[in-house]
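Novice: My file is query37.cif. It has mmCIF, C-alpha atoms:
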data_upload
#
loop_
_atom_site.label_atom_id
_atom_site.label_comp_id
_atom_site.auth_asym_id
_atom_site.auth_seq_id
_atom_site.Cartn_x
_atom_site.Cartn_y
_atom_site.Cartn_z
CA MET H 1 53.44 34.13 142.69
CA THR H 2 50.17 33.27 140.99
CA VAL H 3 48.92 29.72 141.45
CA ALA H 4 45.54 28.43 140.26
CA GLY H 5 44.43 31.96 139.46
CA ARG H 6 45.28 33.49 142.81
CA VAL H 7 48.28 35.07 144.50
CA TRP H 8 50.34 33.49 147.25
CA ALA H 9 51.59 36.54 149.13
CA ALA H 10 54.77 37.35 151.05
CA PRO H 11 55.53 36.00 154.56
CA SER H 12 52.52 37.80 156.05
CA THR H 13 50.10 35.58 154.11
CA ASP H 14 47.05 34.08 155.80
CA ALA H 15 47.46 30.80 153.95
CA ARG H 16 46.63 27.82 156.16
CA LEU H 17 48.89 24.82 156.67
CA LEU H 18 47.88 21.63 158.48
CA VAL H 19 50.40 18.82 158.99
CA VAL H 20 48.89 15.39 159.71
CA PHE H 21 51.39 12.92 161.19
CA LEU H 22 50.43 9.23 160.91
CA ARG H 23 52.31 7.77 163.87
CA GLY H 24 53.27 4.12 163.62
CA ALA H 25 54.45 4.14 159.98
CA TYR H 26 51.57 3.45 157.60
CA ASP H 27 51.89 1.00 154.72
CA ALA H 28 52.22 3.42 151.82
CA ALA H 29 52.52 0.66 149.20
CA ASN H 30 48.93 -0.40 149.87
CA VAL H 31 47.61 3.16 149.66
CA LEU H 32 49.36 4.32 146.50
CA VAL H 33 49.41 0.92 144.84
CA PRO H 34 52.09 0.21 142.18
CA ILE H 35 49.62 -1.56 139.88
CA ALA H 36 52.11 -1.88 136.99
CA SER H 37 54.59 -3.86 139.10
CA ASP H 38 54.49 -7.65 138.90
CA PHE H 39 57.05 -7.61 141.71
CA TYR H 40 54.46 -5.95 143.98
CA TYR H 41 52.00 -8.80 143.46
CA SER H 42 54.58 -11.54 143.92
CA SER H 43 55.82 -9.82 147.12
CA ARG H 44 52.33 -9.54 148.61
CA PRO H 45 50.40 -12.74 147.90
CA THR H 46 47.79 -12.02 150.60
CA LEU H 47 48.12 -8.25 151.09
CA GLY H 48 48.25 -7.07 147.47
CA ILE H 49 45.43 -4.85 146.18
CA ALA H 50 44.10 -6.13 142.86
CA ARG H 51 44.73 -4.18 139.67
CA PRO H 52 41.95 -1.77 138.64
CA ASP H 53 38.81 -3.57 137.50
CA ALA H 54 35.48 -1.79 137.14
CA GLY H 55 33.68 -4.98 138.09
CA ASN H 56 35.67 -5.60 141.28
CA PRO H 57 34.87 -3.31 144.25
CA ASN H 58 38.02 -4.54 146.01
CA ALA H 59 40.35 -3.52 143.17
CA ALA H 60 42.62 -0.50 143.20
CA LEU H 61 41.22 2.74 141.82
CA SER H 62 43.15 3.79 138.72
CA LEU H 63 45.33 6.91 138.99
CA GLY H 64 46.96 6.22 135.63
CA ALA H 65 48.99 3.45 134.08
CA GLU H 66 51.46 3.07 136.97
CA TRP H 67 49.55 3.72 140.17
CA GLY H 68 46.24 2.97 141.87
CA LEU H 69 44.50 4.08 145.06
CA HIS H 70 43.25 1.87 147.87
CA PRO H 71 39.51 1.20 147.38
CA ALA H 72 38.73 2.36 150.94
CA LEU H 73 39.42 5.90 149.68
CA ARG H 74 36.92 5.74 146.80
CA ASP H 75 34.36 8.17 148.25
CA SER H 76 36.72 10.49 150.12
CA ILE H 77 40.12 10.95 148.45
CA LEU H 78 39.38 9.90 144.86
CA PRO H 79 37.00 12.88 144.32
CA LEU H 80 39.79 15.22 145.46
CA TRP H 81 42.10 13.55 142.95
CA ALA H 82 39.52 14.10 140.21
CA LYS H 83 39.36 17.80 141.14
CA ARG H 84 43.19 17.95 141.13
CA GLU H 85 43.19 18.88 144.82
CA ILE H 86 45.57 16.15 146.00
CA ALA H 87 48.98 14.98 144.85
CA PHE H 88 51.01 12.03 146.11
CA VAL H 89 54.79 12.09 146.57
CA PRO H 90 56.17 8.52 146.64
CA PHE H 91 59.66 7.62 147.85
CA ALA H 92 59.55 10.39 150.46
CA GLY H 93 60.96 10.39 153.97
CA THR H 94 64.16 10.87 155.93
CA SER H 95 67.25 10.54 153.75
CA ASP H 96 69.66 10.53 156.72
CA ASP H 97 67.72 8.59 159.40
CA LEU H 98 68.04 4.86 158.74
CA THR H 99 67.18 3.60 162.23
CA ARG H 100 63.66 2.28 161.44
CA SER H 101 62.87 3.26 165.02
CA HIS H 102 59.45 4.86 165.56
CA PHE H 103 60.73 7.12 168.30
CA GLU H 104 64.01 8.24 166.79
CA THR H 105 62.55 8.86 163.34
CA GLN H 106 59.50 10.69 164.68
CA ASP H 107 61.89 12.92 166.61
CA THR H 108 64.05 13.40 163.52
CA ILE H 109 61.11 14.60 161.43
CA GLU H 110 59.60 16.84 164.09
CA LEU H 111 62.93 18.50 164.81
CA GLY H 112 63.79 18.95 161.13
CA GLN H 113 67.48 18.84 162.01
CA SER H 114 70.21 16.74 160.43
CA VAL H 115 70.94 13.44 162.09
CA GLY H 116 74.71 13.92 162.05
CA GLY H 117 74.81 17.04 164.24
CA SER H 118 73.78 17.69 167.81
CA ARG H 119 70.02 17.91 168.28
CA ASP H 120 68.21 20.80 169.92
CA TYR H 121 65.06 19.28 171.41
CA ARG H 122 63.76 22.74 172.19
CA SER H 123 63.39 23.62 168.51
CA GLY H 124 60.81 21.91 166.27
CA PHE H 125 60.58 22.89 162.63
CA MET H 126 56.98 24.18 162.76
CA SER H 127 57.94 26.41 165.67
CA ARG H 128 60.78 27.80 163.58
CA LEU H 129 58.37 28.31 160.68
CA ALA H 130 55.98 30.24 162.94
CA THR H 131 58.86 32.51 163.95
CA GLU H 132 59.50 33.38 160.30
CA LEU H 133 55.87 34.29 159.56
CA ALA H 134 54.43 37.73 160.28
CA ARG H 135 50.93 36.64 161.29
CA ALA H 136 51.27 33.04 162.39
CA ARG H 137 48.45 31.69 164.55
CA PRO H 138 49.65 28.19 165.41
CA ILE H 139 47.92 25.36 167.28
CA ALA H 140 48.61 21.68 167.94
CA PHE H 141 45.58 19.40 168.15
CA THR H 142 47.32 17.13 170.66
CA ASP H 143 47.07 16.36 174.39
CA GLN H 144 50.60 17.62 174.98
CA LEU H 145 52.69 20.09 173.01
CA PRO H 146 54.46 18.01 170.33
CA LEU H 147 58.15 18.24 169.62
CA ILE H 148 57.46 19.84 166.24
CA PHE H 149 56.02 22.95 167.97
CA ARG H 150 58.58 23.35 170.74
CA GLY H 151 60.50 26.58 170.55
CA LYS H 152 61.09 30.03 171.95
CA SER H 153 57.44 31.06 171.80
CA GLN H 154 54.55 29.48 173.70
CA MET H 155 52.33 27.44 171.38
CA PRO H 156 48.75 26.46 172.26
CA ASN H 157 47.57 22.87 172.10
CA ILE H 158 44.19 21.23 172.56
CA GLY H 159 43.55 17.50 172.91
CA LEU H 160 41.08 15.62 170.73
CA ASN H 161 38.68 13.21 172.36
CA SER H 162 39.93 9.67 171.82
CA VAL H 163 37.37 7.05 170.88
CA GLY H 164 37.27 3.35 170.17
CA LYS H 165 36.56 1.19 173.23
CA PRO H 166 37.02 -2.58 173.09
CA GLY H 167 33.93 -4.52 172.08
CA VAL H 168 33.88 -6.36 175.43
CA ASP H 169 35.46 -4.53 178.37
CA ASP H 170 36.69 -6.12 181.62
CA ARG H 171 33.38 -5.64 183.45
CA GLN H 172 31.41 -7.25 180.64
CA ALA H 173 33.92 -10.09 180.40
CA GLN H 174 33.45 -10.81 184.12
CA LEU H 175 29.67 -10.88 183.72
CA ILE H 176 29.94 -13.31 180.78
CA GLN H 177 32.25 -15.57 182.77
CA LYS H 178 29.76 -15.59 185.69
CA MET H 179 26.97 -16.58 183.29
CA TYR H 180 28.92 -19.69 182.29
CA ALA H 181 30.43 -20.38 185.71
CA GLN H 182 28.25 -23.44 186.42
CA SER H 183 28.34 -24.87 182.89
CA ASP H 184 30.70 -27.18 181.04
CA LEU H 185 31.95 -24.15 179.11
CA ALA H 186 33.24 -22.30 182.17
CA ALA H 187 36.88 -23.22 181.69
CA ALA H 188 36.78 -22.59 177.95
CA VAL H 189 35.17 -19.14 178.37
CA SER H 190 37.65 -18.12 181.06
CA GLU H 191 40.62 -19.35 179.04
CA GLY H 192 39.25 -17.63 175.96
CA PHE H 193 39.23 -14.21 177.63
CA LYS H 194 42.69 -14.83 179.10
CA ILE H 195 44.11 -15.70 175.67
CA ARG H 196 42.37 -12.68 174.14
CA ASP H 197 43.95 -10.36 176.70
CA ASP H 198 47.40 -11.93 176.35
CA VAL H 199 47.33 -11.69 172.56
CA TYR H 200 46.02 -8.13 172.65
CA ARG H 201 48.78 -7.05 175.01
CA SER H 202 51.55 -8.69 172.98
CA ILE H 203 50.35 -7.24 169.66
CA SER H 204 49.32 -3.78 170.84
CA GLU H 205 52.25 -3.00 173.16
CA GLU H 206 54.53 -1.71 170.39
CA MET H 207 51.68 -0.01 168.53
CA THR H 208 50.58 1.85 171.67
CA ALA H 209 54.10 3.09 172.26
CA ALA H 210 54.56 4.05 168.61
CA ASN H 211 51.37 6.14 168.71
CA ARG H 212 52.77 8.38 171.47
CA GLY H 213 49.29 9.30 172.62
CA ALA H 214 48.06 10.27 169.15
CA VAL H 215 44.33 10.26 168.49
CA SER H 216 42.94 7.18 166.72
CA PRO H 217 41.87 7.40 163.07
CA ARG H 218 38.26 7.08 164.24
CA GLY H 219 38.84 9.90 166.71
CA PHE H 220 40.33 12.02 163.94
CA GLU H 221 37.31 11.33 161.75
CA LEU H 222 34.99 12.59 164.48
CA SER H 223 37.13 15.65 165.25
CA ALA H 224 38.23 16.73 161.75
CA ARG H 225 35.28 19.04 161.16
CA ARG H 226 35.92 20.71 164.51
CA ILE H 227 39.54 21.21 163.44
CA GLY H 228 38.29 22.65 160.15
CA ARG H 229 36.14 25.22 161.94
CA LEU H 230 38.99 26.27 164.20
CA MET H 231 41.42 26.54 161.30
CA ARG H 232 38.87 28.51 159.30
CA GLU H 233 38.10 31.00 162.06
CA GLN H 234 41.12 31.25 164.38
CA PHE H 235 44.32 29.49 163.31
CA ASN H 236 46.48 29.21 160.19
CA LEU H 237 49.24 26.80 161.25
CA GLY H 238 48.15 23.44 162.66
CA PHE H 239 49.46 20.01 163.57
CA VAL H 240 47.61 16.80 164.44
CA ASP H 241 48.91 13.28 164.94
CA VAL H 242 46.90 10.13 164.25
CA GLY H 243 47.97 6.76 165.66
CA GLY H 244 47.19 3.16 164.77
CA TRP H 245 49.41 2.49 161.75
CA ASP H 246 51.89 -0.11 163.04
CA THR H 247 50.56 -3.15 161.14
CA HIS H 248 52.86 -6.09 161.89
CA VAL H 249 50.02 -8.63 162.11
CA ASN H 250 46.85 -9.23 160.03
CA GLN H 251 47.08 -5.94 158.18
CA GLY H 252 44.45 -6.87 155.61
CA ALA H 253 44.25 -5.92 151.96
CA ALA H 254 41.17 -4.32 150.37
CA SER H 255 39.37 -4.97 153.66
CA GLY H 256 40.53 -5.49 157.22
CA TYR H 257 42.41 -3.45 159.77
CA LEU H 258 44.37 -1.11 157.48
CA ALA H 259 41.41 -0.60 155.15
CA ASP H 260 39.22 0.44 158.07
CA ARG H 261 41.82 2.95 159.29
CA LEU H 262 42.25 4.35 155.78
CA GLY H 263 38.50 4.76 155.43
CA GLU H 264 38.40 6.75 158.67
CA LEU H 265 41.38 8.87 157.63
CA GLY H 266 39.93 9.58 154.19
CA ARG H 267 36.56 10.62 155.59
CA ALA H 268 38.30 12.84 158.14
CA LEU H 269 40.32 14.67 155.50
CA ALA H 270 37.32 15.03 153.19
CA GLY H 271 35.26 16.34 156.11
CA TYR H 272 37.98 18.83 156.98
CA SER H 273 38.02 20.17 153.42
CA GLU H 274 34.24 20.56 153.46
CA GLU H 275 34.09 22.23 156.88
CA ILE H 276 36.78 24.77 156.15
CA GLY H 277 34.67 25.90 153.19
CA PRO H 278 35.48 26.63 149.51
CA ALA H 279 37.23 29.94 150.20
CA GLY H 280 39.26 28.54 153.08
CA TRP H 281 40.11 25.38 151.16
CA ARG H 282 41.57 27.42 148.29
CA ASP H 283 44.05 28.93 150.75
CA THR H 284 44.81 25.65 152.57
CA VAL H 285 47.60 23.12 152.23
CA VAL H 286 47.38 19.81 154.11
CA VAL H 287 50.45 17.56 154.22
CA VAL H 288 50.05 13.95 155.41
CA ILE H 289 53.29 12.28 156.50
CA SER H 290 54.53 9.29 158.51
CA GLU H 291 57.86 8.49 160.12
CA PHE H 292 58.75 5.87 157.49
CA GLY H 293 57.17 3.29 155.22
CA ARG H 294 56.98 -0.44 155.71
CA THR H 295 58.68 -3.47 154.22
CA PHE H 296 57.74 -4.02 150.60
CA ARG H 297 57.31 -7.75 151.10
CA GLU H 298 54.65 -8.99 153.50
CA ASN H 299 55.82 -10.92 156.55
CA GLY H 300 54.79 -14.34 157.84
CA ASN H 301 52.04 -12.83 160.02
CA HIS H 302 50.21 -11.29 157.05
CA GLY H 303 51.52 -7.87 157.97
CA THR H 304 54.46 -5.59 157.21
CA ASP H 305 57.43 -4.47 159.29
CA HIS H 306 59.38 -1.23 159.72
CA GLY H 307 60.67 0.14 156.43
CA HIS H 308 62.17 3.31 154.99
CA GLY H 309 60.64 5.30 152.11
CA SER H 310 56.99 6.34 152.37
CA VAL H 311 54.36 8.25 150.39
CA TYR H 312 53.37 11.78 151.42
CA TRP H 313 50.04 13.39 150.53
CA VAL H 314 49.72 17.10 149.68
CA MET H 315 46.17 18.44 149.53
CA GLY H 316 44.37 21.74 149.12
CA GLY H 317 42.11 23.80 146.89
CA GLY H 318 45.09 25.49 145.22
CA ILE H 319 47.27 22.40 144.87
CA ASN H 320 48.57 21.36 141.46
CA GLY H 321 47.16 17.92 142.09
CA GLY H 322 45.81 14.95 140.22
CA ARG H 323 49.36 13.70 139.72
CA ILE H 324 52.22 11.75 141.26
CA ALA H 325 55.04 14.19 142.07
CA GLY H 326 58.74 13.87 142.75
CA GLU H 327 61.51 11.57 141.58
CA GLN H 328 60.46 7.96 140.98
CA VAL H 329 62.06 4.63 140.18
CA ARG H 330 60.85 1.33 138.81
CA ILE H 331 59.15 -0.87 141.42
CA ASP H 332 61.27 -4.00 141.34
CA GLN H 333 63.74 -5.82 143.54
CA ALA H 334 66.74 -4.02 142.07
CA HIS H 335 65.45 -0.65 143.27
CA LEU H 336 64.54 -1.62 146.83
CA PHE H 337 66.54 0.00 149.61
CA GLN H 338 68.64 -2.68 151.30
CA ASP H 339 66.55 -5.26 149.39
CA ARG H 340 63.52 -4.62 151.60
CA ASP H 341 62.05 -1.08 151.47
CA TYR H 342 61.13 1.82 149.24
CA PRO H 343 64.13 4.14 148.88
CA VAL H 344 63.92 7.81 149.91
CA LEU H 345 64.31 10.03 146.85
CA THR H 346 62.56 13.15 148.22
CA ASP H 347 63.77 14.25 151.64
CA TYR H 348 60.99 15.53 153.92
CA ARG H 349 62.89 18.75 154.71
CA ALA H 350 63.42 19.55 151.03
CA LEU H 351 59.73 18.93 150.35
CA PHE H 352 58.57 21.18 153.20
CA ALA H 353 61.15 23.85 152.34
CA GLY H 354 59.85 23.93 148.78
CA LEU H 355 56.28 24.28 150.01
CA PHE H 356 57.22 27.05 152.46
CA GLN H 357 59.01 28.91 149.69
CA ARG H 358 55.98 28.76 147.40
CA ILE H 359 53.21 29.24 149.97
CA TYR H 360 54.78 31.97 152.08
CA GLY H 361 57.33 33.51 149.75
CA LEU H 362 60.13 32.82 152.23
CA ASP H 363 63.61 33.72 151.04
CA GLY H 364 66.72 31.58 151.28
CA ALA H 365 67.81 32.98 154.65
CA SER H 366 64.44 32.20 156.23
CA LEU H 367 64.44 28.68 154.83
CA GLN H 368 67.94 28.07 156.19
CA ARG H 369 66.78 29.11 159.66
CA ILE H 370 64.04 26.47 159.43
CA PHE H 371 66.03 23.71 157.71
CA ALA H 372 69.76 24.38 157.92
CA GLY H 373 71.76 23.16 154.94
CA VAL H 374 68.71 22.02 152.96
CA HIS H 375 67.99 22.96 149.37
CA PRO H 376 64.22 23.28 148.74
CA ALA H 377 62.70 20.78 146.35
CA GLU H 378 60.68 22.28 143.52
CA LEU H 379 57.96 19.70 142.94
CA GLY H 380 55.42 22.07 141.40
CA LEU H 381 52.88 21.24 144.09
CA VAL H 382 51.66 24.83 144.46
#
Do you think you could lay out the structure here as structure tokens?
Specialist:
Amino acid sequence: MTVAGRVWAAPSTDARLLVVFLRGAYDAANVLVPIASDFYYSSRPTLGIARPDAGNPNAALSLGAEWGLHPALRDSILPLWAKREIAFVPFAGTSDDLTRSHFETQDTIELGQSVGGSRDYRSGFMSRLATELARARPIAFTDQLPLIFRGKSQMPNIGLNSVGKPGVDDRQAQLIQKMYAQSDLAAAVSEGFKIRDDVYRSISEEMTAANRGAVSPRGFELSARRIGRLMREQFNLGFVDVGGWDTHVNQGAASGYLADRLGELGRALAGYSEEIGPAGWRDTVVVVISEFGRTFRENGNHGTDHGHGSVYWVMGGGINGGRIAGEQVRIDQAHLFQDRDYPVLTDYRALFAGLFQRIYGLDGASLQRIFAGVHPAELGLV
């Protein structure tokens, strides 16, 4: 099969695949912004990203009449869009997992097995893919072997250095409190640190659990070039998870918490594409996924809650990009799932099966061994 002037070979191909899992469920509606939808702006009075405006640096970046891109991705992802090296697939996710549970849905995706049947936790879908490939050289860039790579064969994994210490740690807080111990501000300073710690614990407890030990976006930014070198020189099947996407409180819009994380993610992915080099990038596919999307309407804490449909990213030098792929519906209240979330119109297994068919030339029997009972989606991505 010839794509972008080159040949994707049979199952022995050396094509590279990297799956990036955003643990915590990122807010897809503020990344791929439905700029044509008045309902979007009425649903997000404080979180909405403004419609494209050349004079407004906080406005969405135009991807056409219907969609825009978060401005934090201006210097990293937008150039890839211009080169047609990234496509977005909205309304993607798990068609049969409706739990909105971080843990259950992460497991569902990593296993790649139907929800209705019995689950085999010793068989992740990337492990099954590696079994079908003649020259697979897999690696997980995680502290522990993830569920997605569990299987009959031993898979290597390597942890990424986590970064991002609190601005004032416990030792520094104690020193500050001692400085004010004899002043009128002593009680206020002490109470201030206590409230800070209590609030941090209450907000971050769920996010920490949802991350499941995944590297932070900042950590991914620092490590992405190292991953690129390893994928260029030694491995052709990789997985990395990135935490920090559970934004129930003070999510922010064009700036703020989510914007900062997106900036780090975008720079990481752009750095990866540069480090792997032009030749390697032409033979690379990167798929960015998350366990589910978030509620379409913002909540009372200026954040978003657990949702359903998400937006997947597919990147690479040979991608048929610069477009929004897959089935789509009008962004209005009538088309929300259960009157709260994006629906799922492209199942994650069908999307991956379609990619595996095109990238590796896998036949129907091989695809069924990876995703039983799934018909591959032909989205024209490669």
Novice: List every residue of stretch 259-330 of chain H that has an atom at most 6 Å from any atom of stretch 15-32 of chain H, and for each one report the closest atom pair and its distance in Å to one decimal, counting only C-alpha atoms, with rows sorted by chain and then by increasing residue number, as a tab-separated table.
Specialist:
residue	atom	partner	partner_atom	distance
H:Asp283	CA	H:Ala15	CA	5.0
H:Thr284	CA	H:Arg16	CA	4.6
H:Val285	CA	H:Leu17	CA	4.9
H:Val286	CA	H:Leu18	CA	4.8
H:Val287	CA	H:Val19	CA	4.9
H:Val288	CA	H:Val20	CA	4.7
H:Ile289	CA	H:Phe21	CA	5.1
H:Ser290	CA	H:Leu22	CA	4.8
H:Glu291	CA	H:Ala25	CA	5.5
H:Phe292	CA	H:Ala25	CA	5.3
H:Gly293	CA	H:Ala25	CA	5.5
H:Arg294	CA	H:Asp27	CA	5.4
H:Ser310	CA	H:Ala28	CA	5.6
H:Val311	CA	H:Ala28	CA	5.5
Novice: Using all atoms listed in the file, can you tell me which of H:Val89, H:Leu147, H:Ala54, H:Met126 comes closest to H:Ala377?
Specialist: H:Val89
Novice: Using all atoms listed in the file, can you tell me which of H:Ser223, H:Thr108, H:Gln338, H:Gln174 comes closest to H:Thr142?
Specialist: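 Result for the nearest residue to H:Thr142: H:Ser223.
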Novice: Going by the chain IDs and residue numbers used in this file, which residues fall under the PyMOL selection byres ((chain H and resi 230) around 12)? Write them as a ChimeraX atom specification.
Specialist: /H:16,18,137-141,158,223-229,231-238,272,275-277,280
Novice: Can you list, as a PyMOL selection string, the residues that the PyMOL selection byres ((chain H and resi 146) around 10) selects here?
Specialist: chain H and resi 107+110+124+140-145+147-150+155+157+212+239-241
Novice: Find the residue from H:Leu98, H:Ala254, H:Leu222, H:Ala270 that sits nearest to H:Val344; use all atoms listed in the file when measuring.
Specialist: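 For H:Val344, the nearest of the candidates is H:Leu98.
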Novice: In Å, how far is it from atom CA of H:Ser273 to atom CA of H:Arg74?
Specialist: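 Atom CA of H:Ser273 sits 15.9 Å away from atom CA of H:Arg74.
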Novice: Applied to this file, what does the PyMOL selection byres ((chain H and resi 315) around 9) return in terms of residues, put as a list of chain:residue names?
Specialist: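 Checking the PyMOL selection byres ((chain H and resi 315) around 9) against this file, the residues are H:Leu80, H:Arg84, H:Glu85, H:Ile86, H:Ala87, H:Phe88, H:Thr284, H:Val285, H:Val286, H:Val287, H:Val288, H:Trp313, H:Val314, H:Gly316, H:Gly317, H:Gly318, H:Ile319, H:Asn320, H:Gly321.
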Novice: Just the number, please: distance in Å from atom CA of H:Pro34 to atom CA of H:Glu104, one decimal.
Specialist: 28.5 Å
Novice: Using all atoms listed in the file, pick whichever of H:Leu129, H:Ala36, H:Leu381, H:Leu269 has the shortest atom-to-atom distance to H:Ser153.
Specialist: H:Leu129
Novice: For the atom pair atom CA of H:Arg44 and atom CA of H:His302, what is the interatomic distance in Å to one decimal place?
Specialist: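 Between these atoms lies a distance of 8.9 Å.
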